[in-house]
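J.: entry_13.txt (compact mmCIF, C-alpha atoms) pasted underneath:
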```
# COMPACT_ATOMS: atom_id res chain seq x y z
CA MET R 1 172.51 108.22 -275.98
CA LYS R 2 170.30 105.54 -274.45
CA GLN R 3 166.98 104.82 -276.17
CA PHE R 4 164.05 104.66 -273.77
CA ASP R 5 160.89 102.59 -273.94
CA ILE R 6 158.04 105.08 -273.58
CA PRO R 7 154.35 104.70 -274.57
CA SER R 8 153.65 105.13 -278.28
CA LEU R 9 150.98 107.76 -277.58
CA PHE R 10 153.80 110.19 -276.72
CA ARG R 11 155.63 109.60 -280.03
CA SER R 12 154.89 111.42 -283.30
CA PRO R 13 155.11 110.87 -287.07
CA ILE R 14 155.94 114.50 -287.94
CA ILE R 15 158.34 115.70 -285.29
CA SER R 16 160.20 112.40 -285.01
CA LYS R 17 161.07 112.66 -288.70
CA VAL R 18 162.23 116.26 -288.33
CA LYS R 19 164.39 115.39 -285.32
CA ALA R 20 165.87 112.35 -287.05
CA PHE R 21 166.83 114.45 -290.08
CA ARG R 22 168.50 117.14 -287.98
CA LYS R 23 170.34 114.57 -285.90
CA ALA R 24 171.70 112.89 -289.03
CA GLN R 25 172.81 116.24 -290.49
CA ASP R 26 174.18 117.62 -287.23
CA PRO R 27 175.07 114.75 -284.86
CA ARG R 28 177.17 116.95 -282.56
CA LYS R 29 174.43 119.57 -282.20
CA LYS R 30 176.53 122.48 -283.43
CA ASP R 31 173.74 124.03 -285.53
CA PHE R 32 170.96 125.57 -283.45
CA SER R 33 169.06 127.10 -286.38
CA ALA R 34 165.36 126.27 -286.73
CA THR R 35 163.93 123.73 -289.17
CA LEU R 36 161.62 125.26 -291.79
CA LEU R 37 158.50 123.39 -292.85
CA ASP R 38 157.20 125.38 -295.81
CA PHE R 39 153.52 124.77 -296.57
CA GLY R 40 153.30 127.55 -299.15
CA ASN R 41 150.92 129.91 -297.42
CA LEU R 42 152.31 128.96 -294.00
CA GLN R 43 155.91 128.65 -292.84
CA LEU R 44 156.54 126.79 -289.61
CA TYR R 45 159.92 127.27 -287.97
CA ILE R 46 160.51 124.34 -285.64
CA ALA R 47 163.11 124.85 -282.90
CA ARG R 48 166.25 122.71 -283.23
CA HIS R 49 165.88 121.28 -279.73
CA PHE R 50 162.72 120.81 -277.65
CA GLY R 51 160.52 118.14 -276.12
CA PHE R 52 161.40 115.17 -273.93
CA CYS R 53 164.93 115.26 -272.54
CA TYR R 54 166.95 112.35 -271.17
CA GLY R 55 165.69 112.84 -267.62
CA VAL R 56 162.03 112.99 -268.66
CA GLU R 57 162.19 109.89 -270.87
CA ASN R 58 164.02 108.03 -268.11
CA ALA R 59 161.30 108.99 -265.59
CA ILE R 60 158.46 107.99 -267.91
CA GLU R 61 160.02 104.63 -268.71
CA ILE R 62 160.49 103.82 -265.00
CA ALA R 63 156.96 104.95 -264.08
CA TYR R 64 155.26 102.77 -266.68
CA ARG R 65 157.53 99.86 -265.78
CA ALA R 66 156.40 100.25 -262.17
CA VAL R 67 152.78 99.93 -263.32
CA GLU R 68 153.56 96.83 -265.40
CA GLU R 69 155.56 95.12 -262.65
CA ASN R 70 153.14 95.77 -259.79
CA LYS R 71 149.69 94.75 -260.95
CA GLY R 72 147.29 94.58 -258.00
CA LYS R 73 149.42 96.82 -255.80
CA ARG R 74 148.79 100.42 -254.86
CA ILE R 75 151.16 102.71 -256.73
CA PHE R 76 151.87 106.28 -255.70
CA LEU R 77 153.83 109.22 -257.04
CA LEU R 78 155.22 111.69 -254.51
CA SER R 79 153.94 114.49 -256.77
CA GLN R 80 153.55 115.09 -260.50
CA MET R 81 155.98 112.94 -262.48
CA ILE R 82 156.85 115.92 -264.68
CA HIS R 83 155.06 119.20 -265.29
CA ASN R 84 152.88 118.11 -268.18
CA PRO R 85 149.12 117.54 -267.79
CA THR R 86 148.87 114.94 -270.58
CA VAL R 87 151.54 112.70 -269.07
CA ASN R 88 150.23 113.04 -265.52
CA GLU R 89 146.64 112.40 -266.59
CA ASP R 90 147.67 109.20 -268.38
CA LEU R 91 149.54 108.01 -265.30
CA THR R 92 146.47 108.57 -263.11
CA GLN R 93 144.39 106.62 -265.64
CA HIS R 94 146.82 103.76 -265.07
CA GLY R 95 145.91 103.86 -261.38
CA ILE R 96 148.77 105.93 -259.99
CA GLN R 97 147.84 108.27 -257.12
CA PHE R 98 149.62 111.50 -256.13
CA ILE R 99 150.68 111.87 -252.49
CA GLN R 100 151.35 115.63 -252.74
CA ASP R 101 150.59 118.44 -255.14
CA THR R 102 153.36 120.47 -256.77
CA SER R 103 153.56 122.93 -253.87
CA GLY R 104 154.05 120.15 -251.32
CA LYS R 105 150.47 120.11 -249.99
CA GLN R 106 149.58 116.67 -248.66
CA LEU R 107 146.86 114.88 -250.68
CA ILE R 108 147.29 111.46 -249.07
CA SER R 109 148.49 111.05 -245.49
CA TRP R 110 151.82 109.33 -244.93
CA ASP R 111 149.98 107.19 -242.37
CA GLU R 112 148.03 105.52 -245.19
CA LEU R 113 151.19 104.04 -246.71
CA ASN R 114 152.64 100.64 -245.84
CA SER R 115 155.50 98.40 -246.95
CA ASN R 116 153.36 96.73 -249.64
CA ASP R 117 152.88 100.01 -251.50
CA VAL R 118 154.99 101.20 -254.41
CA VAL R 119 156.13 104.82 -254.32
CA ILE R 120 157.71 106.51 -257.33
CA ILE R 121 160.04 109.45 -256.78
CA PRO R 122 159.50 111.98 -259.61
CA ALA R 123 162.12 113.40 -261.96
CA PHE R 124 162.58 116.45 -259.71
CA GLY R 125 163.83 114.23 -256.88
CA THR R 126 162.69 114.61 -253.30
CA THR R 127 163.90 115.80 -249.92
CA LEU R 128 165.89 113.74 -247.44
CA GLU R 129 163.08 114.30 -244.96
CA ILE R 130 160.50 112.65 -247.22
CA GLU R 131 162.88 109.78 -247.97
CA GLN R 132 163.17 109.19 -244.23
CA ILE R 133 159.39 109.20 -243.78
CA LEU R 134 159.05 106.55 -246.49
CA ASN R 135 161.87 104.44 -245.09
CA ASP R 136 160.33 104.59 -241.61
CA ARG R 137 157.13 103.16 -243.08
CA GLY R 138 159.05 100.36 -244.80
CA VAL R 139 158.53 101.77 -248.29
CA SER R 140 161.48 101.24 -250.62
CA THR R 141 162.64 104.36 -252.47
CA GLU R 142 165.34 102.86 -254.67
CA LYS R 143 163.77 100.70 -257.39
CA TYR R 144 161.44 103.37 -258.80
CA ASN R 145 163.45 106.49 -258.14
CA THR R 146 163.21 108.55 -261.34
CA THR R 147 165.31 111.51 -260.15
CA CYS R 148 166.96 113.10 -263.18
CA PRO R 149 170.70 112.25 -263.36
CA PHE R 150 171.45 115.91 -264.01
CA VAL R 151 169.63 116.94 -260.83
CA GLU R 152 171.71 114.37 -258.96
CA LYS R 153 174.81 115.89 -260.55
CA VAL R 154 173.91 119.20 -258.90
CA TRP R 155 173.49 117.44 -255.54
CA ASN R 156 176.87 115.72 -255.91
CA ARG R 157 178.57 119.00 -256.74
CA ALA R 158 176.92 120.64 -253.73
CA GLU R 159 178.06 117.81 -251.48
CA LYS R 160 181.66 118.15 -252.66
CA LEU R 161 181.64 121.91 -252.11
CA GLY R 162 180.03 121.41 -248.72
CA THR R 163 182.87 119.15 -247.59
CA GLU R 164 185.21 122.01 -248.60
CA ASN R 165 183.27 124.39 -246.33
CA HIS R 166 181.57 126.33 -249.11
CA THR R 167 178.18 127.91 -248.58
CA LEU R 168 175.85 127.15 -251.49
CA VAL R 169 173.75 129.80 -253.20
CA ILE R 170 170.89 127.99 -254.99
CA HIS R 171 169.44 129.79 -258.00
CA GLY R 172 165.87 128.53 -258.18
CA LYS R 173 162.20 129.04 -257.43
CA TYR R 174 161.75 128.48 -253.72
CA ASN R 175 158.53 126.43 -253.95
CA HIS R 176 159.54 124.31 -256.95
CA GLU R 177 159.89 120.58 -256.15
CA GLU R 178 163.41 120.41 -257.54
CA THR R 179 164.60 123.42 -255.55
CA ARG R 180 163.10 122.01 -252.34
CA ALA R 181 164.90 118.73 -252.99
CA THR R 182 168.20 120.40 -253.85
CA PHE R 183 167.98 122.60 -250.75
CA SER R 184 167.39 119.55 -248.56
CA HIS R 185 170.32 117.59 -249.99
CA THR R 186 172.60 120.64 -249.87
CA ALA R 187 171.66 121.47 -246.27
CA ALA R 188 172.89 118.05 -245.18
CA ASN R 189 176.47 119.10 -245.92
CA SER R 190 176.61 122.90 -245.85
CA GLU R 191 174.81 126.14 -245.22
CA ALA R 192 172.60 127.27 -248.10
CA VAL R 193 170.42 130.15 -249.27
CA ILE R 194 167.97 130.27 -252.20
CA ILE R 195 167.80 133.24 -254.57
CA LYS R 196 165.31 133.58 -257.42
CA ASN R 197 166.84 136.21 -259.67
CA MET R 198 169.47 138.90 -260.17
CA GLU R 199 167.58 141.32 -257.92
CA GLU R 200 168.00 138.92 -255.00
CA ALA R 201 171.62 138.29 -255.99
CA ILE R 202 172.30 142.02 -255.76
CA PHE R 203 170.89 142.10 -252.24
CA LEU R 204 172.94 139.03 -251.30
CA ALA R 205 176.07 140.85 -252.53
CA LYS R 206 175.26 143.65 -250.09
CA CYS R 207 175.16 141.03 -247.34
CA ILE R 208 178.58 139.78 -248.50
CA THR R 209 180.09 143.26 -248.33
CA GLY R 210 178.34 144.20 -245.11
CA GLU R 211 176.22 146.93 -246.70
CA ALA R 212 173.15 145.00 -245.56
CA SER R 213 172.93 143.92 -241.92
CA LYS R 214 172.42 140.45 -240.51
CA ALA R 215 168.88 141.43 -239.51
CA GLU R 216 168.14 142.59 -243.05
CA PHE R 217 169.43 139.28 -244.41
CA TYR R 218 167.09 137.28 -242.18
CA THR R 219 164.12 139.43 -243.16
CA TYR R 220 164.84 139.37 -246.89
CA PHE R 221 165.59 135.64 -247.10
CA LYS R 222 163.12 134.46 -244.45
CA GLY R 223 162.37 130.77 -244.99
CA LYS R 224 164.96 130.55 -247.75
CA HIS R 225 168.12 129.68 -245.81
CA THR R 226 169.37 126.89 -243.56
CA PRO R 227 168.46 127.28 -239.85
CA ASP R 228 171.97 128.08 -238.59
CA PHE R 229 172.91 130.42 -241.42
CA ASP R 230 174.99 133.37 -240.22
CA PRO R 231 175.66 135.87 -243.04
CA GLU R 232 178.68 137.22 -241.15
CA LEU R 233 180.28 133.76 -241.13
CA HIS R 234 178.86 131.84 -244.06
CA LEU R 235 179.32 134.22 -246.98
CA ASN R 236 183.12 134.13 -247.00
CA LYS R 237 183.36 131.05 -249.22
CA ILE R 238 180.48 130.50 -251.65
CA GLY R 239 179.47 128.65 -254.79
CA VAL R 240 176.38 128.89 -257.01
CA ILE R 241 174.30 125.89 -258.10
CA ASN R 242 170.90 125.94 -259.74
CA GLN R 243 167.49 124.45 -260.27
CA THR R 244 168.32 122.84 -263.61
CA THR R 245 165.32 124.32 -265.42
CA MET R 246 166.13 127.97 -264.73
CA LEU R 247 167.45 130.24 -267.46
CA ALA R 248 171.01 129.06 -267.92
CA THR R 249 172.18 132.53 -268.92
CA GLU R 250 170.66 133.99 -265.76
CA THR R 251 172.45 131.43 -263.56
CA GLN R 252 175.71 132.30 -265.29
CA GLU R 253 175.10 136.04 -264.89
CA ILE R 254 174.31 135.61 -261.19
CA ALA R 255 177.40 133.47 -260.66
CA GLU R 256 179.64 135.96 -262.46
CA PHE R 257 178.12 138.86 -260.54
CA LEU R 258 178.59 137.22 -257.14
CA LYS R 259 182.12 136.15 -258.07
CA LYS R 260 183.05 139.70 -259.03
CA ALA R 261 181.39 141.17 -255.93
CA THR R 262 183.10 138.64 -253.65
CA GLU R 263 186.57 139.04 -255.14
CA SER R 264 186.37 142.83 -255.41
CA PHE R 265 185.34 143.18 -251.78
CA ALA R 266 188.04 140.76 -250.64
CA ALA R 267 190.74 142.65 -252.56
CA ALA R 268 189.60 146.06 -251.31
CA SER R 269 189.26 145.04 -247.68
CA GLY R 270 192.20 142.66 -247.47
CA ILE R 271 190.10 139.79 -246.14
CA SER R 272 189.66 136.25 -247.35
CA LYS R 273 186.56 135.62 -249.47
CA THR R 274 186.52 132.97 -252.19
CA PHE R 275 184.17 131.80 -254.93
CA ALA R 276 183.87 128.30 -256.46
CA ASP R 277 183.30 127.83 -260.19
CA THR R 278 180.13 125.73 -260.55
CA ARG R 279 179.19 126.22 -264.21
CA ASP R 280 179.28 122.44 -264.67
CA THR R 281 175.94 122.09 -262.82
CA LEU R 282 173.96 123.57 -265.74
CA CYS R 283 171.68 121.01 -267.45
CA TYR R 284 172.57 120.20 -271.07
CA ALA R 285 168.91 119.99 -272.14
CA THR R 286 168.07 123.34 -270.57
CA ASN R 287 171.05 124.88 -272.35
CA ASP R 288 170.18 123.30 -275.71
CA ASN R 289 166.49 124.21 -275.59
CA GLN R 290 167.22 127.79 -274.62
CA SER R 291 169.96 128.15 -277.26
CA ALA R 292 167.57 126.75 -279.89
CA THR R 293 164.91 129.23 -278.78
CA GLU R 294 167.37 132.10 -279.09
CA ALA R 295 168.12 130.92 -282.64
CA LEU R 296 164.39 130.77 -283.34
CA MET R 297 164.18 134.42 -282.30
CA GLN R 298 166.46 135.35 -285.23
CA GLU R 299 163.86 134.27 -287.82
CA GLN R 300 161.75 137.47 -287.69
CA LEU R 301 158.65 135.51 -286.80
CA ASP R 302 155.13 136.91 -286.99
CA PHE R 303 154.35 135.04 -283.79
CA ALA R 304 155.41 131.97 -281.83
CA ILE R 305 153.66 129.11 -280.07
CA VAL R 306 155.19 127.43 -277.02
CA VAL R 307 153.57 124.19 -275.89
CA GLY R 308 153.79 122.70 -272.40
CA GLY R 309 152.47 122.56 -268.87
CA TYR R 310 151.65 125.92 -267.35
CA ASN R 311 153.54 125.00 -264.15
CA SER R 312 156.62 123.94 -266.12
CA SER R 313 159.61 126.10 -265.20
CA ASN R 314 161.71 125.30 -268.25
CA THR R 315 158.77 125.97 -270.60
CA THR R 316 158.04 129.29 -268.92
CA HIS R 317 161.59 130.42 -269.60
CA LEU R 318 161.20 129.64 -273.32
CA VAL R 319 158.13 131.88 -273.36
CA GLU R 320 160.08 134.54 -271.49
CA LEU R 321 162.76 134.48 -274.20
CA LEU R 322 160.42 134.49 -277.21
CA GLU R 323 158.29 137.32 -275.83
CA GLN R 324 161.29 139.58 -276.35
CA SER R 325 161.07 139.22 -280.14
CA CYS R 326 157.47 138.51 -281.16
CA PRO R 327 153.91 137.85 -279.90
CA THR R 328 154.08 134.52 -278.09
CA TYR R 329 151.24 132.17 -277.15
CA PHE R 330 151.73 129.62 -274.37
CA ILE R 331 149.34 126.67 -274.72
CA LYS R 332 149.13 123.24 -273.07
CA ASP R 333 147.90 121.52 -276.22
CA GLU R 334 145.95 122.04 -279.46
CA SER R 335 142.62 122.40 -277.60
CA GLU R 336 143.62 125.95 -276.63
CA ILE R 337 143.53 126.94 -280.32
CA LEU R 338 139.79 127.48 -280.54
CA ASP R 339 139.77 128.67 -284.15
CA GLY R 340 141.60 130.99 -286.53
CA THR R 341 140.33 133.97 -284.55
CA THR R 342 140.55 132.91 -280.91
CA ILE R 343 143.24 131.28 -278.79
CA ARG R 344 143.63 130.69 -275.05
CA SER R 345 147.14 131.54 -273.91
CA PHE R 346 148.69 131.34 -270.45
CA ASN R 347 150.15 134.65 -269.25
CA ILE R 348 153.39 133.88 -267.36
CA HIS R 349 153.29 137.28 -265.65
CA THR R 350 149.75 137.21 -264.24
CA HIS R 351 149.57 133.39 -264.10
CA GLU R 352 146.17 133.49 -265.76
CA LEU R 353 144.75 131.85 -268.87
CA GLU R 354 143.72 134.61 -271.27
CA THR R 355 141.40 134.51 -274.27
CA ILE R 356 142.98 136.41 -277.15
CA GLU R 357 141.09 137.43 -280.29
CA HIS R 358 142.53 137.96 -283.78
CA TRP R 359 145.73 136.21 -282.78
CA MET R 360 146.78 134.56 -286.06
CA LYS R 361 148.41 137.50 -287.84
CA GLY R 362 151.06 136.52 -290.37
CA SER R 363 152.37 133.29 -291.85
CA LYS R 364 155.83 132.88 -290.23
CA ILE R 365 155.21 130.87 -287.07
CA GLY R 366 157.77 129.64 -284.54
CA VAL R 367 157.01 126.41 -282.70
CA THR R 368 158.73 124.89 -279.68
CA SER R 369 157.90 123.14 -276.42
CA GLY R 370 159.21 122.42 -272.96
CA ALA R 371 161.31 119.42 -271.97
CA SER R 372 158.27 117.64 -270.50
CA CYS R 373 155.97 117.99 -273.53
CA PRO R 374 155.37 114.90 -275.71
CA ASP R 375 156.14 115.32 -279.41
CA SER R 376 152.69 113.95 -280.18
CA ILE R 377 151.17 117.15 -278.79
CA ILE R 378 153.37 119.26 -281.10
CA ASP R 379 152.10 117.13 -284.00
CA ALA R 380 148.52 117.89 -282.96
CA VAL R 381 149.26 121.62 -282.74
CA ILE R 382 150.82 121.62 -286.22
CA SER R 383 147.85 119.70 -287.64
CA LYS R 384 145.45 122.22 -286.07
CA LEU R 385 147.36 125.14 -287.62
CA LEU R 386 147.25 123.48 -291.03
CA GLN R 387 143.56 122.72 -290.67
CA LEU R 388 142.76 126.35 -289.87
CA ASN R 389 144.90 127.76 -292.69
CA GLY R 390 143.97 125.34 -295.47
CA SER R 391 147.62 124.74 -296.32
CA GLU R 392 148.75 124.64 -299.95
CA LYS R 393 150.97 121.59 -299.39
CA THR R 394 150.62 118.31 -297.59
CA ILE R 395 152.85 117.51 -294.65
CA GLU R 396 154.74 115.07 -296.88
CA GLU R 397 155.43 117.81 -299.46
CA ALA R 398 156.54 120.31 -296.82
CA MET R 399 158.86 117.69 -295.37
CA SER R 400 160.15 116.49 -298.73
CA ASN R 401 163.58 117.95 -297.99
CA HIS R 402 163.68 116.33 -294.58
```
If you took the structure in this file and wrote it as C-alpha cells, what would it be?
T.:
Amino acid sequence: MKQFDIPSLFRSPIISKVKAFRKAQDPRKKDFSATLLDFGNLQLYIARHFGFCYGVENAIEIAYRAVEENKGKRIFLLSQMIHNPTVNEDLTQHGIQFIQDTSGKQLISWDELNSNDVVIIPAFGTTLEIEQILNDRGVSTEKYNTTCPFVEKVWNRAEKLGTENHTLVIHGKYNHEETRATFSHTAANSEAVIIKNMEEAIFLAKCITGEASKAEFYTYFKGKHTPDFDPELHLNKIGVINQTTMLATETQEIAEFLKKATESFAAASGISKTFADTRDTLCYATNDNQSATEALMQEQLDFAIVVGGYNSSNTTHLVELLEQSCPTYFIKDESEILDGTTIRSFNIHTHELETIEHWMKGSKIGVTSGASCPDSIIDAVISKLLQLNGSEKTIEEAMSNH
C-alpha cells in the first residue's frame, strides 16, 4: 500500500513499532487478535487495527501539500478535514480556514471566495451543488480534492445502479458530511432515500409491501428522500449503499433484511421486485477496525479506552461495540484522563462529556482509536496510563517481544 508523507507530529514511537511487528507477522491481516503489552501490574491490549486509514492519510498529505504549495494565498477547507480535533487544530494553525461547520452551517460566505483562493475538499467529499458554487466562482476543485477513494467507490456503484434504474437506499446519518455528499451524487442518477438504522429499514419494508401508505412514507422520511420519490413506483428495484463509517455488520443486516422482504413480497404477490447486491461498497478500514474491536472484546477486559473525535462516526461505533462487553471510556486525548481517580468520557447516547470518578478499576485495559486519530495521541494515552500506575516495566521491556 502507498506510503504517505504526513507530519511527524502525528507519528509515534510506540504504536508504530507495534503495528510494524503485527504487519510483519501477519501481512495478509488474517489475525485480528489484540496485541498484549505486559507491564507487570498493567496489561494493555492494543487492537489489531486502528488509527489513520488510507483515506485519512491521503487527505492529510494533500492538505499539507496545499499549504506548502500556496504560500501567501488564502486556503480554505469546505469543512473539517477529518473528525479529529488535533488534526483540524493544526491545520487552522497553518492558516487554513473552514467555510462550513460539520452540520453544513455557513461560516464564510461563498461570496467572499474568488479564483485566487485555494479550496480543499475534505475526505468525506462534497455535494454536486457545492462543487457547482465553487466552479461558478472560478475556484478549482480538482487539485486539492481529498475525497476518500472508498467514498468515491460508493458513488461509482450508486451511479452504475442508477443507470440500471435502481433506487438507492443509503444507510447513513442524515446530517453527516459524507452522507450528504453521497446523497447528492446518488440523486444525480437515481431516486434515493436515507435510513439510519434497522428500525427505519423495517418501516421502509412496510412501504415496499404496501403496509405503510405513501403519505406515511413522506412523513417518516421527510427531508431524507429525493424530491420526486414515489414509494409506489421507486421501491420495486432497490440496492443498499452506505456511509462508509457506519457499522459494517448493521449495513449488511439491513441489506439482507430488505432483500428478504423484497423477494418474499414479490414471490407472494406475483409482482416484479428486485434487489441488487451491494456488499462491495463497505469500506475495508471500517471492516478491519470493527473486526479488531470485536476481537478485543474477547479478552475479558476490566475496561476499555477508545480515543478519537467526539463527532467521529467510525469512532462512535467502536465505542458502541465495546460497551457491550466492558466499561468503556471515550476520550479525545490524554488530557481527559485527569488522574487515577477521575476521567472525562464522552457519552455517545446523551452526547455529553461526563466526569466519572473511580474509573480505573482493574489492570486489563483495551485500547483502540478511530480511523482519524493520530497514533501519537495513542502513545500519549499509554504514557499517561503508565505514569498513573507506576508500571513495573519500561515500555522497552513490555515491547521486548515485539
J.: Restricting the calculation to only C-alpha atoms, which member of R:Gln243, R:Thr167, R:Thr251, R:Gln100 is positioned closest to Thr182 of chain R?
T.: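 For Thr182 of chain R, the nearest of the given residues is R:Gln243.
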J.: Between atom CA of Cys373 of chain R and atom CA of Ile14 of chain R, measure the distance and give it in Å to one decimal.
T.: 14.8 Å
J.: Tell me, in Å to one decimal, how far atom CA of Gln252 of chain R is from atom CA of Ile202 of chain R.
T.: 14.0 Å
J.: Which residue is closest to Phe4 of chain R? Choose from R:Asn58, R:Ser16, R:Ser190, R:Gln25 and count all atoms listed in the file.
T.: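 Residue with the minimum atom-to-atom distance to Phe4 of chain R: R:Asn58.
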J.: Could you please give me, as an MDAnalysis selection string, the residues of protein, DNA or RNA lying at most 12 Å from (140.0, 125.7, -277.4) in the coordinate frame of the file, considering only C-alpha atoms?
T.: chainID R and resid 331:345 353:356 381 384
J.: If you measure from atom CA of Leu247 of chain R to atom CA of His185 of chain R, what distance in Å do you get, rounded to one decimal?
T.: 21.8 Å
J.: Determine the axis-aligned bounding box of all atoms of segment 92-98 of chain R present in the file, pad each side by 4 Å, and express its centre and edge lengths in Å to one decimal place as JSON.
T.:
```
{"center_x": 147.0, "center_y": 107.6, "center_z": -260.9, "size_x": 13.2, "size_y": 15.7, "size_z": 17.5}
```
J.: Looking at all atoms listed in the file, which of R:Thr244, R:Asn41, R:Ser272, R:Ser12 is the one that sits closest to Lys393 of chain R?
T.: R:Asn41
J.: Skipping near chain neighbours, those fewer than 5 positions away, what residues fall within 10 Å of Met198 of chain R using all atoms listed in the file, listed as a PyMOL selection string?
T.: chain R and resi 171+203-204+250-251+253-255+257-258
J.: Between R:Thr316, R:Ser325, R:Asn311, R:Asn389, which residue has the minimum interatomic distance to Gln298 of chain R, considering only C-alpha atoms?
T.: R:Ser325
J.: At a cut-off of 10 Å, using all atoms listed in the file, what residues contact Ile130 of chain R? Leave out same-chain residues fewer than 5 positions from it and give the result as JSON, numbers by chain.
T.: {"R": [78, 110, 135, 136, 181, 184]}
J.: Using the selection just defined, write its residues with C-alpha atoms as a CSV table (one decimal), in the frame of the given file.
T.:
```
chain,number,residue,atom,x,y,z
R,78,LEU,CA,155.2,111.7,-254.5
R,110,TRP,CA,151.8,109.3,-244.9
R,135,ASN,CA,161.9,104.4,-245.1
R,136,ASP,CA,160.3,104.6,-241.6
R,181,ALA,CA,164.9,118.7,-253.0
R,184,SER,CA,167.4,119.6,-248.6
```
J.: Name the closest residue to Ile75 of chain R among the candidates R:Leu233, R:Leu37, R:Val319, R:Ile121; distances are taken between atoms, counting only C-alpha atoms.
T.: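 Result for the nearest residue to Ile75 of chain R: R:Ile121.
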J.: Taking (158.8, 101.1, -247.3) as a centre in this file's frame and 8 Å as the limit, can you find every polymer residue with an atom that close, using only C-alpha atoms, and give them as a list in words?
T.: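 With a cut-off of 8 Å, the residues come to Asn114, Ser115, Asn116, Asp117, Leu134, Asn135, Asp136, Arg137, Gly138, Val139, Ser140 and Thr141 of chain R.
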J.: Residues at most 8 Å from His166 of chain R, counting only C-alpha atoms, excluding those fewer than 4 positions away in the same chain, as a list of chain:residue names?
T.: R:Leu161, R:Gly162, R:Ser190, R:Glu191, R:His234, R:Lys237, R:Ile238, R:Gly239, R:Ala276
J.: Generate the output file for the selected residues, C-alpha atoms, as a PDB file, in the frame of the given file.
T.:
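The new file out05.pdb reads:
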```
ATOM      1  CA  LEU R 161     181.640 121.910-252.110  1.00  0.00           C
ATOM      2  CA  GLY R 162     180.030 121.410-248.720  1.00  0.00           C
ATOM      3  CA  SER R 190     176.610 122.900-245.850  1.00  0.00           C
ATOM      4  CA  GLU R 191     174.810 126.140-245.220  1.00  0.00           C
ATOM      5  CA  HIS R 234     178.860 131.840-244.060  1.00  0.00           C
ATOM      6  CA  LYS R 237     183.360 131.050-249.220  1.00  0.00           C
ATOM      7  CA  ILE R 238     180.480 130.500-251.650  1.00  0.00           C
ATOM      8  CA  GLY R 239     179.470 128.650-254.790  1.00  0.00           C
ATOM      9  CA  ALA R 276     183.870 128.300-256.460  1.00  0.00           C
TER      10      ALA R 276
END
```
J.: Can you write out as a Markdown table which residues of segment 136-241 of chain R fall within 12 Å of segment 81-96 of chain R, alongside each residue's closest atom pair and its distance in Å to one decimal, counting only C-alpha atoms and ordering rows by chain and ascending residue number?
T.:
```
| residue | atom | partner | partner_atom | distance |
| --- | --- | --- | --- | --- |
| R:Tyr144 | CA | R:Met81 | CA | 11.6 |
| R:Asn145 | CA | R:Met81 | CA | 10.8 |
| R:Thr146 | CA | R:Met81 | CA | 8.5 |
| R:Thr147 | CA | R:Met81 | CA | 9.7 |
| R:Cys148 | CA | R:Ile82 | CA | 10.6 |
| R:His176 | CA | R:His83 | CA | 10.8 |
| R:Glu177 | CA | R:Ile82 | CA | 10.2 |
| R:Glu178 | CA | R:Ile82 | CA | 10.7 |
```
J.: Using only C-alpha atoms, find the one residue out of R:Leu322, R:Ile241, R:Ala63, R:Ala205 that sits nearest to Phe183 of chain R.
T.: R:Ile241
